[in-house]
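Presented below is the structure to which this report refers.
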Number of protein chains: 2
Amino acid sequence: MTNAETITDTEGQASGAQACVHRFGMDQPLQLDSGVKLAPVEIAYQTYGTLNADKSNAVLVCHALTGDQHAANRHPVTGKDGWWNRMVGPGRPIDTDRFFVICQNVIGGCSGTTGPTAINPATDKPYGLEFPVITIGDMVRAQAMLVEALGIEQLFCVAGGSMGGMQVLEWCASYPERVFSAMPIATAARHSAQNIAFHEVGRQAIMADPNWQAGAYDGSDAYPSKGLAVARMAAHITYLSEAALHRKFGRNLQDRDAVTYGFDADFQIESYLRYQGSTFVDRFDANSYLYITRAMDYFDLAADHARRMGCDTGTLADAFRGTETRFCVASFTSDWLYPTSESRQVVHALNAVAANVSFVEIESDKGHDAFLLDEPELHDTILGFIGASARARGL
Amino acid sequence: MTNAETITDTEGQASGAQACVHRFGMDQPLQLDSGVKLAPVEIAYQTYGTLNADKSNAVLVCHALTGDQHAANRHPVTGKDGWWNRMVGPGRPIDTDRFFVICQNVIGGCSGTTGPTAINPATDKPYGLEFPVITIGDMVRAQAMLVEALGIEQLFCVAGGSMGGMQVLEWCASYPERVFSAMPIATAARHSAQNIAFHEVGRQAIMADPNWQAGAYDGSDAYPSKGLAVARMAAHITYLSEAALHRKFGRNLQDRDAVTYGFDADFQIESYLRYQGSTFVDRFDANSYLYITRAMDYFDLAADHARRMGCDTGTLADAFRGTETRFCVASFTSDWLYPTSESRQVVHALNAVAANVSFVEIESDKGHDAFLLDEPELHDTILGFIGASARARGL
């Protein structure tokens, strides 16, 4: 492709992992839902495993709000395991000995893909708030461009949890013929008022930080660390269940025998939240947080699909009508951010169009974050679904 | 009482309402759980109705985190009805034609009672963070001092929701013989890890605001409005149920036909939250918010009672052993901040000591704030309990 180049860097990566950047030039703009044509666009992604000869074994893994392309390799900033190391790798449910796994940093992100930290060619400065507001649809359109550039006509599977699950659903509605099987996990087809509310608190926390400077901080001076940390803290509570917080922390005190009658972190839960906030700012960009939360809030698959079809209204079932994709929908009993009722709405819509869908509600007290954690039933669900789908695909 | 004076101001108050301030001088310090002796202490309170000759018809109403003494009169700052206008007044369940109702601003508050905005006699400046950290026990001890100063030996009833309910429970544990009947509503005997977590987010939001100035803002210069607004927004979400947010706001847009692809308040829920944040800062003090949330987080009635008894550990039942108070405990099905399970723990403890207790879980989709809203079943519950208790008391 003209103006497209792929840079590969395997240094420091786990075996079989490749860090890549694909550049779409000024003549290959990304059409955004807002009407803006974004160019140039760089997409940072990781691959694991080997693409087979007929390019039929590709699995696209989609990351969540604060995730990135480092699904199954050591994170270059934090040094920690990839966020889906449990699920992706040799001998894992998404087996990199059998499948070619792609995970890309979303448009608007801050881990190499073009986002608000990128240089705006019109000004030669970082975009900041000049970056166009993006949607889940835009993220998926960028992914589709990359998948096409890699010569893959159909993905064997698209999988992801939380915002990753939204991308899975968007893929199935926008490019049904390009998805053989799909696993939307712990997700929803649209953001609820409560979801929007929590995000708005996070955005207001960032914007309240004077170092945010209306998004024009540029790394050389002050950074809105405090606001971003507060946003992260508020969000982090929503990722855990009340039961998990009780089990892990309860009212345990932090390295002391009694409360101090002060505002230090007397309780372990306070210390834990402060740590979550402070480490997050080292690896995430405040403007990216604004853009990605906004994309999630805007997500309403039924309405988005209807609008693209030129209709005033439409049902969620309309978005999936005619699909031949095999679906596996999973939710967790203690997830109060994207509760099972949201997954059921997706399943009902799929049933209404006679789609091939299995659904499992996994008993867990770990809350929304369960999709990232050690949950044997999720492990077995993915293993079983991928195995059956691979047989159906002749892999 | 020496050095105690009562100032009464009825101007601008609803009929039968009296705004009062009681001052305890330097020789009458308030003993705090932290060990500090606080003096002087002013207590701002409202009364409604008339104390009878034998002083047996007094009802103490306790306010929640962001409440104040204006339970049943027009609020002097906001101009709105009192926060429990539905329950307190002539002909209401807590009938001011029959009962003498007292509601006082808690210690640490910012509506007239001594708190971090008060002048520290040691420095002649506002306390700010020099104010001692207070507890629910301290709030109740201050209330007991006032009740004693008013010559009331036993309160006919102590009632309140949320933090008000914590004070009710504390009264029953610390001064059992001085409470004839008690109504703890939508509350808990101790703060959970999740409760503490949400409060910690609010405190960090305030402390992240450079205008907070380590608590030393003094009104003449910058005020941490943005941080306090973010704290309020985060807390406000927890007061409402997901269902109530969906019913009231859903994904409705705010005065527009389509999203703007920007960071304005596109959604009604965003606009609503921003409004809640911005109006709150006009009537509440940021340091008070820190102190009162801290008091709630510290609350653990079983542990607190054991410590005061000189024991290492104790059960919640121990805190109520021997009680002759009549209890009515109420919770709401959709309250996820203080869920029914918390009320059940209180009821189990009361049952374990053979207390006189009735319990009702009220079906409501309004969330935690239901105790402040139009809930006919709560209305009828309070009416019935107060009526039966009054008969038992011979009123």
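Labels used: A, B, ... for chains in the order of the structure tokens, numbers from 1 for residues in each chain, and numbers from 1 for ligands as shown.
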Could you list, as a ChimeraX atom specification, the residues of chain B having an atom within 8 Å of chain A when counting only C-alpha atoms?
/B:34,132-134,191-194,196-198,200-201,204-205,208-209,226-227,230,233-234,237,242,245-246,249-251,259,261-263,269-270,273,294,298
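Excluding Gly112 of chain B itself and any same-chain residue fewer than 3 positions from it, the protein and nucleic acid residues within 10 Å of it, counting only C-alpha atoms, are Cys20, Val21, Glu42, Ile43, Ala44, Tyr45, Asp68, Gln69, Gln104, Asn105, Val106, Ile107, Gly108, Gly109, Gly115, Thr117 and Ala118 of chain B.
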Backbone DSSP call of strand (DSSP E or B) for segment 53-82 of chain A, listed as a PyMOL selection string
chain A and resi 58-62
Just-selected residues, N, CA and C atoms written as a PDB file, in the first residue's frame:
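Final output, out-v4.pdb:
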```
ATOM      1  N   ALA A  58      -6.421 -15.732  11.987  1.00  0.00           N
ATOM      2  CA  ALA A  58      -6.150 -14.487  12.725  1.00  0.00           C
ATOM      3  C   ALA A  58      -7.216 -14.220  13.784  1.00  0.00           C
ATOM      4  N   VAL A  59      -6.746 -13.903  14.976  1.00  0.00           N
ATOM      5  CA  VAL A  59      -7.632 -13.519  16.080  1.00  0.00           C
ATOM      6  C   VAL A  59      -7.311 -12.083  16.453  1.00  0.00           C
ATOM      7  N   LEU A  60      -8.313 -11.230  16.452  1.00  0.00           N
ATOM      8  CA  LEU A  60      -8.119  -9.846  16.877  1.00  0.00           C
ATOM      9  C   LEU A  60      -8.603  -9.721  18.319  1.00  0.00           C
ATOM     10  N   VAL A  61      -7.698  -9.281  19.179  1.00  0.00           N
ATOM     11  CA  VAL A  61      -8.032  -9.074  20.585  1.00  0.00           C
ATOM     12  C   VAL A  61      -8.133  -7.572  20.808  1.00  0.00           C
ATOM     13  N   CYS A  62      -9.241  -7.127  21.401  1.00  0.00           N
ATOM     14  CA  CYS A  62      -9.506  -5.686  21.554  1.00  0.00           C
ATOM     15  C   CYS A  62      -9.360  -5.287  23.020  1.00  0.00           C
TER      16      CYS A  62
END
```
All alpha helix (DSSP H) positions in segment 138-250 of chain A, as a PyMOL selection string
chain A and resi 138-149+163-174+193-208+225-239+242-248
Distance criterion (only C-alpha atoms): nearest to Asn52 of chain B out of B:Pro40, B:Pro121, B:Gly82, B:Gly151
B:Gly151
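Between Glu363 of chain A and the residues A:Gly137, A:Pro376, A:Gly128, A:Gly384, the shortest atom-to-atom distance, using only C-alpha atoms, involves A:Pro376.
The space separating atom CA of Glu342 of chain A from atom CA of Arg308 of chain A comes to 22.7 Å.
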Using only C-alpha atoms, which of B:Cys157, B:Ala142, B:Leu32, B:Ile386 sits nearest Val101 of chain B?
B:Cys157
Closest of A:Gln31, A:Gln167, A:Ser181, A:Ser358 to Ala390 of chain A - atom-to-atom distances counting only C-alpha atoms:
A:Ser181
